[in-house]
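Some notes on the structure that comes next.
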There are 2 protein chains.
Amino acid sequence: MLKLDSDQWNLIYNVFSFGLVSMLACTVYTLVSQQRVLAKYRSALVMSSMVTFIAAYHYMRIFDSFKESSTDMSVNVSGEQGAFNEAYRYVDWLLTVPLLLVEVVAVLALTKSVSTSLITRLVPASAVMIALGYPGEIASDQNTQVMYGVLSTIPFLYILYILFVELTKSLANQPEGVAATVGRLRLLLIATWGVYPISYILGMGEGPTAEQFVGVQVGYTIADVLAKCVFGLTIYKIARMKSAAEGMKE
Amino acid sequence: MLKLDSDQWNLIYNVFSFGLVSMLACTVYTLVSQQRVLAKYRSALVMSSMVTFIAAYHYMRIFDSFKESSTDMSVNVSGEQGAFNEAYRYVDWLLTVPLLLVEVVAVLALTKSVSTSLITRLVPASAVMIALGYPGEIASDQNTQVMYGVLSTIPFLYILYILFVELTKSLANQPEGVAATVGRLRLLLIATWGVYPISYILGMGEGPTAEQFVGVQVGYTIADVLAKCVFGLTIYKIARMKSAAEGMKE
């Protein structure tokens, strides 16, 4: 059992609730806004809805898991039945991170062959990245944690290479203003994805302390809201700009 | 534990339920009415839907929290696990108040540069206003409560300045009847936002009495219904008037 004080316990509780409602609201927002972009950009928007929908489900589970695994603000982190289930996050990421990357490619509406080439490299790389992070997350000795952290960084660097080197070649054909927004989108992605390894490193060591646990949970939740909601709204903005540039009238 | 009599306990219980269903009904109403305004006003309407959607989520949580934290009409307000969670309101406001202000700007359909300029000042100011209120709300000594109350008033006055001085400059270009409705909207906003500081002041002192607790909960709920539902319906009315003035046929 991990004893939290009431400020720590309430912070986590309310941050989870904040994550949950942000994901729900974003899902509805991107679903009802589909008619406001050209048909070819709607798949990007639907993917964003699915990302936040899947995340909303997981935050509902995480919120309940936190409440049910806590007794008088002591959290059961034993990994046994009834313990706080950290694996929800990894199941979530395994589904949403590949989708997020497909979403980026979809909103650019590149030629079929370029899209396919990017997606067939980004999706497996991101799945490998998440799968390699999990054994480190649940390990309690530092060597294992460092090893999987480093292994997981390899596909991460490969994804960055694709996004910064390969994707850049396609930006020349984008309408005015879009190249700049895609640049910002990419920076947002790096900046938010950067919070995940920080949270991972925060949690390293034998069994978490209360401070570590708070840091990891708050860090991951903020990163998720940025990487899914704010990212999805930026995708929507790009789709709107491109639709307007291509003559869509309201 | 805070002992309420049965009238007090039932009043709060039913007011929370009233708040919840008002938010739900408003969300559905503004979502299904989108086609009745011109496309350029739909983003204001969608934002209003998101505001009431987020509020509906929080009223569901607040309602459940009140029920679960009460035993034989004594409410646990200790701040520990299982206590009534006042923080839901602040998480709600942190998300909805900036959105409400964006909604006001969106329904005016000003030029891009004017909108951006208003939003980049209103949104951070409102977030700071809410964030500064919370430490005062959970404090139990009066000096801290007064200090955060005063600090939170500074961004509030700044928002009023923007709405009354800066926004007024744009009203000259609005169609007949709209300037008057915007004026009413602004008054509604001031009048309802005025209930929040009154509720805040009502709750001041060391640990609330039963009367204070009732006053705060009923006050905040009424203010929320006015500031989100009635406000959203007024936004819808403005969008309808502007759509008609711009030649939309039914």
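By convention here, the chains of the structure tokens are called A, B, ... in the order presented, each chain's residues are numbered starting at 1, and ligands are numbered starting at 1 in the order presented.
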Would you write out, as a tab-separated table, a table of all residues in range 138-231 of chain B that have an atom no more than 9 Å from an atom of range 71-94 of chain B, listing for each the closest atom pair and the distance in Å to one decimal, considering only C-alpha atoms and ordering rows by chain and rising residue number?
residue	atom	partner	partner_atom	distance
B:Ile138	CA	B:Glu86	CA	8.2
B:Gly207	CA	B:Val77	CA	8.6
B:Pro208	CA	B:Val77	CA	8.9
B:Tyr220	CA	B:Arg89	CA	8.7
Selection to disk with N, CA and C atoms, as a PDB file, in the first residue's frame:
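Saved to out-v1.pdb:
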ATOM      1  N   ILE B 138     -10.634  26.355  -0.716  1.00  0.00           N
ATOM      2  CA  ILE B 138     -10.339  25.223   0.167  1.00  0.00           C
ATOM      3  C   ILE B 138      -9.650  25.655   1.467  1.00  0.00           C
ATOM      4  N   GLY B 207     -14.216  26.454   8.376  1.00  0.00           N
ATOM      5  CA  GLY B 207     -15.129  25.325   8.158  1.00  0.00           C
ATOM      6  C   GLY B 207     -16.563  25.834   8.050  1.00  0.00           C
ATOM      7  N   PRO B 208     -17.317  25.381   7.049  1.00  0.00           N
ATOM      8  CA  PRO B 208     -18.636  25.950   6.824  1.00  0.00           C
ATOM      9  C   PRO B 208     -19.663  25.495   7.872  1.00  0.00           C
ATOM     10  N   TYR B 220     -23.881  28.511  -6.220  1.00  0.00           N
ATOM     11  CA  TYR B 220     -23.045  28.124  -7.360  1.00  0.00           C
ATOM     12  C   TYR B 220     -23.868  27.420  -8.440  1.00  0.00           C
TER      13      TYR B 220
END
Chain A fitted onto chain B, all C-alpha pairs in order, as a tab-separated table (two decimals) with C-alpha atoms, in the first residue's frame:
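Output (result25.tsv):
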chain	number	residue	atom	x	y	z
A	1	MET	CA	-19.00	15.90	9.34
A	2	LEU	CA	-21.47	18.68	8.63
A	3	LYS	CA	-24.97	17.89	9.94
A	4	LEU	CA	-27.78	19.14	7.68
A	5	ASP	CA	-31.49	18.95	8.47
A	6	SER	CA	-33.71	17.12	6.00
A	7	ASP	CA	-34.92	20.32	4.25
A	8	GLN	CA	-31.34	21.47	3.72
A	9	TRP	CA	-30.13	18.08	2.56
A	10	ASN	CA	-33.04	17.65	0.13
A	11	LEU	CA	-32.69	21.19	-1.19
A	12	ILE	CA	-29.05	20.59	-2.14
A	13	TYR	CA	-29.83	17.14	-3.54
A	14	ASN	CA	-32.63	18.44	-5.76
A	15	VAL	CA	-30.75	21.55	-6.81
A	16	PHE	CA	-27.86	19.36	-8.00
A	17	SER	CA	-30.30	17.17	-9.94
A	18	PHE	CA	-31.88	20.30	-11.44
A	19	GLY	CA	-28.43	21.55	-12.46
A	20	LEU	CA	-27.58	18.23	-14.05
A	21	VAL	CA	-30.73	17.90	-16.14
A	22	SER	CA	-30.58	21.56	-17.21
A	23	MET	CA	-27.06	21.05	-18.54
A	24	LEU	CA	-28.03	17.83	-20.33
A	25	ALA	CA	-31.11	19.32	-21.97
A	26	CYS	CA	-29.19	22.41	-23.08
A	27	THR	CA	-26.47	20.26	-24.60
A	28	VAL	CA	-28.97	18.31	-26.70
A	29	TYR	CA	-30.88	21.46	-27.62
A	30	THR	CA	-27.87	23.37	-28.92
A	31	LEU	CA	-26.55	20.27	-30.70
A	32	VAL	CA	-29.79	19.59	-32.61
A	33	SER	CA	-30.32	23.27	-33.46
A	34	GLN	CA	-27.12	23.73	-35.44
A	35	GLN	CA	-28.78	23.60	-38.85
A	36	ARG	CA	-30.97	26.54	-37.89
A	37	VAL	CA	-28.12	29.08	-37.95
A	38	LEU	CA	-25.62	30.01	-40.67
A	39	ALA	CA	-22.48	27.87	-40.79
A	40	LYS	CA	-20.27	30.63	-39.46
A	41	TYR	CA	-22.24	30.80	-36.20
A	42	ARG	CA	-22.17	27.05	-35.59
A	43	SER	CA	-18.82	27.12	-33.82
A	44	ALA	CA	-20.35	29.37	-31.15
A	45	LEU	CA	-23.20	26.90	-30.78
A	46	VAL	CA	-20.89	23.89	-30.58
A	47	MET	CA	-18.88	25.64	-27.90
A	48	SER	CA	-22.05	26.23	-25.94
A	49	SER	CA	-22.85	22.52	-26.26
A	50	MET	CA	-19.38	21.65	-24.99
A	51	VAL	CA	-19.72	24.03	-22.04
A	52	THR	CA	-22.99	22.43	-20.92
A	53	PHE	CA	-21.70	18.93	-21.72
A	54	ILE	CA	-18.66	19.42	-19.47
A	55	ALA	CA	-20.90	20.93	-16.80
A	56	ALA	CA	-23.35	18.00	-17.08
A	57	TYR	CA	-20.47	15.62	-16.44
A	58	HIS	CA	-19.41	17.58	-13.38
A	59	TYR	CA	-22.94	17.85	-12.00
A	60	MET	CA	-23.29	14.09	-12.34
A	61	ARG	CA	-20.07	13.73	-10.31
A	62	ILE	CA	-21.11	16.41	-7.80
A	63	PHE	CA	-24.55	14.79	-7.34
A	64	ASP	CA	-22.98	11.38	-6.73
A	65	SER	CA	-20.26	12.85	-4.52
A	66	PHE	CA	-22.88	14.55	-2.35
A	67	LYS	CA	-24.89	11.35	-2.00
A	68	GLU	CA	-21.85	9.19	-1.27
A	69	SER	CA	-20.26	11.61	1.19
A	70	SER	CA	-23.52	11.88	3.18
A	71	THR	CA	-24.51	9.50	5.95
A	72	ASP	CA	-27.86	10.16	7.49
A	73	MET	CA	-27.69	13.74	6.15
A	74	SER	CA	-24.26	14.46	7.67
A	75	VAL	CA	-21.87	15.48	4.91
A	76	ASN	CA	-18.18	14.61	5.08
A	77	VAL	CA	-16.36	17.83	4.18
A	78	SER	CA	-12.97	16.77	5.53
A	79	GLY	CA	-11.22	16.87	2.16
A	80	GLU	CA	-10.11	13.26	2.64
A	81	GLN	CA	-11.04	10.26	0.48
A	82	GLY	CA	-14.81	9.85	0.52
A	83	ALA	CA	-15.44	13.53	1.33
A	84	PHE	CA	-17.60	15.85	-0.79
A	85	ASN	CA	-15.35	16.97	-3.64
A	86	GLU	CA	-15.68	20.72	-4.17
A	87	ALA	CA	-12.80	20.63	-6.67
A	88	TYR	CA	-15.15	19.32	-9.40
A	89	ARG	CA	-16.45	22.87	-9.68
A	90	TYR	CA	-13.01	24.36	-10.21
A	91	VAL	CA	-12.04	21.76	-12.81
A	92	ASP	CA	-15.35	22.54	-14.53
A	93	TRP	CA	-14.80	26.28	-14.49
A	94	LEU	CA	-11.20	25.99	-15.64
A	95	LEU	CA	-12.55	24.31	-18.81
A	96	THR	CA	-15.88	26.07	-19.30
A	97	VAL	CA	-15.20	29.71	-18.43
A	98	PRO	CA	-12.54	30.24	-21.13
A	99	LEU	CA	-14.86	28.39	-23.57
A	100	LEU	CA	-17.77	30.67	-22.61
A	101	LEU	CA	-15.70	33.72	-23.44
A	102	VAL	CA	-14.57	32.27	-26.77
A	103	GLU	CA	-18.26	31.54	-27.45
A	104	VAL	CA	-19.14	35.24	-26.99
A	105	VAL	CA	-16.40	36.28	-29.41
A	106	ALA	CA	-17.34	33.52	-31.89
A	107	VAL	CA	-21.00	34.52	-32.13
A	108	LEU	CA	-20.02	38.05	-33.07
A	109	ALA	CA	-18.12	36.73	-36.12
A	110	LEU	CA	-15.62	39.59	-35.99
A	111	THR	CA	-12.63	39.86	-38.26
A	112	LYS	CA	-9.95	37.25	-37.65
A	113	SER	CA	-7.45	39.71	-36.17
A	114	VAL	CA	-9.95	41.27	-33.74
A	115	SER	CA	-11.19	37.82	-32.61
A	116	THR	CA	-7.67	36.56	-32.05
A	117	SER	CA	-6.72	39.65	-30.10
A	118	LEU	CA	-9.77	39.35	-27.82
A	119	ILE	CA	-9.37	35.60	-27.28
A	120	THR	CA	-5.66	35.71	-26.48
A	121	ARG	CA	-6.45	38.15	-23.69
A	122	LEU	CA	-9.73	36.70	-22.37
A	123	VAL	CA	-8.71	33.03	-22.17
A	124	PRO	CA	-5.55	33.37	-20.06
A	125	ALA	CA	-7.22	35.96	-17.82
A	126	SER	CA	-10.16	33.66	-17.12
A	127	ALA	CA	-7.91	30.66	-16.43
A	128	VAL	CA	-5.87	32.75	-13.96
A	129	MET	CA	-9.09	33.98	-12.33
A	130	ILE	CA	-10.30	30.40	-11.66
A	131	ALA	CA	-6.88	29.10	-10.60
A	132	LEU	CA	-6.54	31.90	-8.04
A	133	GLY	CA	-10.00	31.24	-6.61
A	134	TYR	CA	-9.37	27.61	-5.70
A	135	PRO	CA	-6.74	28.02	-2.93
A	136	GLY	CA	-9.14	30.47	-1.26
A	137	GLU	CA	-12.09	28.10	-1.60
A	138	ILE	CA	-10.34	25.23	0.17
A	139	ALA	CA	-8.59	27.41	2.78
A	140	SER	CA	-10.08	27.52	6.23
A	141	ASP	CA	-8.52	30.73	7.53
A	142	GLN	CA	-10.05	34.00	6.57
A	143	ASN	CA	-6.84	35.83	5.62
A	144	THR	CA	-6.03	33.28	2.94
A	145	GLN	CA	-9.64	33.35	1.73
A	146	VAL	CA	-9.64	37.14	1.42
A	147	MET	CA	-6.23	37.22	-0.22
A	148	TYR	CA	-7.09	34.76	-2.99
A	149	GLY	CA	-10.54	36.35	-3.38
A	150	VAL	CA	-8.88	39.70	-4.05
A	151	LEU	CA	-6.19	38.20	-6.32
A	152	SER	CA	-8.87	36.43	-8.34
A	153	THR	CA	-10.77	39.70	-8.74
A	154	ILE	CA	-7.88	41.32	-10.65
A	155	PRO	CA	-8.20	39.13	-13.80
A	156	PHE	CA	-12.00	39.37	-13.38
A	157	LEU	CA	-11.85	43.17	-13.64
A	158	TYR	CA	-9.52	42.85	-16.62
A	159	ILE	CA	-12.12	40.59	-18.36
A	160	LEU	CA	-14.83	43.17	-17.67
A	161	TYR	CA	-12.59	45.86	-19.15
A	162	ILE	CA	-12.13	43.80	-22.33
A	163	LEU	CA	-15.85	43.03	-22.61
A	164	PHE	CA	-17.05	46.56	-21.94
A	165	VAL	CA	-14.40	48.73	-23.50
A	166	GLU	CA	-12.71	46.68	-26.20
A	167	LEU	CA	-15.73	44.70	-27.34
A	168	THR	CA	-17.93	47.79	-27.56
A	169	LYS	CA	-15.80	49.08	-30.42
A	170	SER	CA	-16.93	46.14	-32.55
A	171	LEU	CA	-20.67	46.48	-31.88
A	172	ALA	CA	-21.14	49.34	-34.34
A	173	ASN	CA	-20.85	46.85	-37.23
A	174	GLN	CA	-23.51	44.45	-35.93
A	175	PRO	CA	-27.00	44.24	-37.55
A	176	GLU	CA	-29.97	45.97	-35.94
A	177	GLY	CA	-31.23	44.28	-32.79
A	178	VAL	CA	-27.98	42.38	-32.30
A	179	ALA	CA	-26.18	45.22	-30.55
A	180	ALA	CA	-29.03	45.37	-28.04
A	181	THR	CA	-28.97	41.58	-27.51
A	182	VAL	CA	-25.20	41.61	-27.08
A	183	GLY	CA	-25.69	44.34	-24.50
A	184	ARG	CA	-28.15	42.08	-22.67
A	185	LEU	CA	-25.76	39.13	-23.02
A	186	ARG	CA	-23.01	41.14	-21.39
A	187	LEU	CA	-25.33	42.21	-18.58
A	188	LEU	CA	-26.43	38.60	-18.11
A	189	LEU	CA	-22.79	37.60	-17.91
A	190	ILE	CA	-22.01	40.22	-15.26
A	191	ALA	CA	-25.17	39.46	-13.30
A	192	THR	CA	-24.54	35.70	-13.25
A	193	TRP	CA	-20.81	36.00	-12.68
A	194	GLY	CA	-21.68	38.24	-9.78
A	195	VAL	CA	-23.30	35.25	-8.03
A	196	TYR	CA	-19.96	33.40	-7.89
A	197	PRO	CA	-18.12	35.91	-5.66
A	198	ILE	CA	-21.26	36.19	-3.50
A	199	SER	CA	-21.25	32.40	-3.02
A	200	TYR	CA	-17.51	32.50	-2.38
A	201	ILE	CA	-17.92	35.16	0.29
A	202	LEU	CA	-20.89	33.25	1.79
A	203	GLY	CA	-18.60	30.28	2.32
A	204	MET	CA	-15.84	32.21	4.06
A	205	GLY	CA	-14.80	31.45	7.64
A	206	GLU	CA	-13.37	28.43	9.45
A	207	GLY	CA	-15.10	25.32	8.13
A	208	PRO	CA	-18.62	25.95	6.79
A	209	THR	CA	-21.80	25.91	8.89
A	210	ALA	CA	-24.82	24.05	7.48
A	211	GLU	CA	-26.37	27.35	6.32
A	212	GLN	CA	-23.15	28.42	4.61
A	213	PHE	CA	-22.80	25.08	2.87
A	214	VAL	CA	-26.39	25.27	1.55
A	215	GLY	CA	-25.91	28.87	0.43
A	216	VAL	CA	-22.67	28.09	-1.41
A	217	GLN	CA	-23.96	24.97	-3.19
A	218	VAL	CA	-27.32	26.46	-4.19
A	219	GLY	CA	-25.67	29.75	-5.18
A	220	TYR	CA	-23.02	28.14	-7.38
A	221	THR	CA	-25.58	25.86	-9.05
A	222	ILE	CA	-27.99	28.68	-9.89
A	223	ALA	CA	-25.05	30.75	-11.17
A	224	ASP	CA	-23.93	27.82	-13.34
A	225	VAL	CA	-27.40	27.33	-14.84
A	226	LEU	CA	-27.64	31.03	-15.64
A	227	ALA	CA	-24.08	31.38	-16.92
A	228	LYS	CA	-24.14	28.22	-19.04
A	229	CYS	CA	-27.72	27.30	-20.03
A	230	VAL	CA	-29.46	30.66	-20.14
A	231	PHE	CA	-26.30	32.17	-21.58
A	232	GLY	CA	-26.07	29.44	-24.24
A	233	LEU	CA	-29.70	29.94	-25.24
A	234	THR	CA	-29.05	33.68	-25.55
A	235	ILE	CA	-26.05	32.92	-27.77
A	236	TYR	CA	-28.35	30.74	-29.90
A	237	LYS	CA	-30.88	33.56	-30.13
A	238	ILE	CA	-28.19	36.00	-31.26
A	239	ALA	CA	-26.96	33.49	-33.87
A	240	ARG	CA	-30.54	33.09	-35.16
A	241	MET	CA	-31.06	36.86	-35.37
A	242	LYS	CA	-27.79	37.38	-37.18
A	243	SER	CA	-28.50	34.50	-39.57
A	244	ALA	CA	-31.92	35.95	-40.38
A	245	ALA	CA	-30.43	39.44	-40.84
A	246	GLU	CA	-27.93	37.95	-43.28
A	247	GLY	CA	-30.69	36.42	-45.40
A	248	MET	CA	-30.94	32.85	-44.10
A	249	LYS	CA	-34.31	31.39	-45.15
A	250	GLU	CA	-36.06	28.64	-43.27
Running DSSP on the backbone, which parts of range 17-242 of chain B land in strand (DSSP E or B), as JSON, numbers by chain? {"B": [70, 71, 74, 75]}
Taking the chain letters and numbering used in this document, name the residues of range 29-230 of chain B that DSSP puts in helix (DSSP H, G or I), as a ChimeraX atom specification. /B:29-32,34-36,39-68,87-108,112-138,142-166,168-171,178-193,195-202,210-230
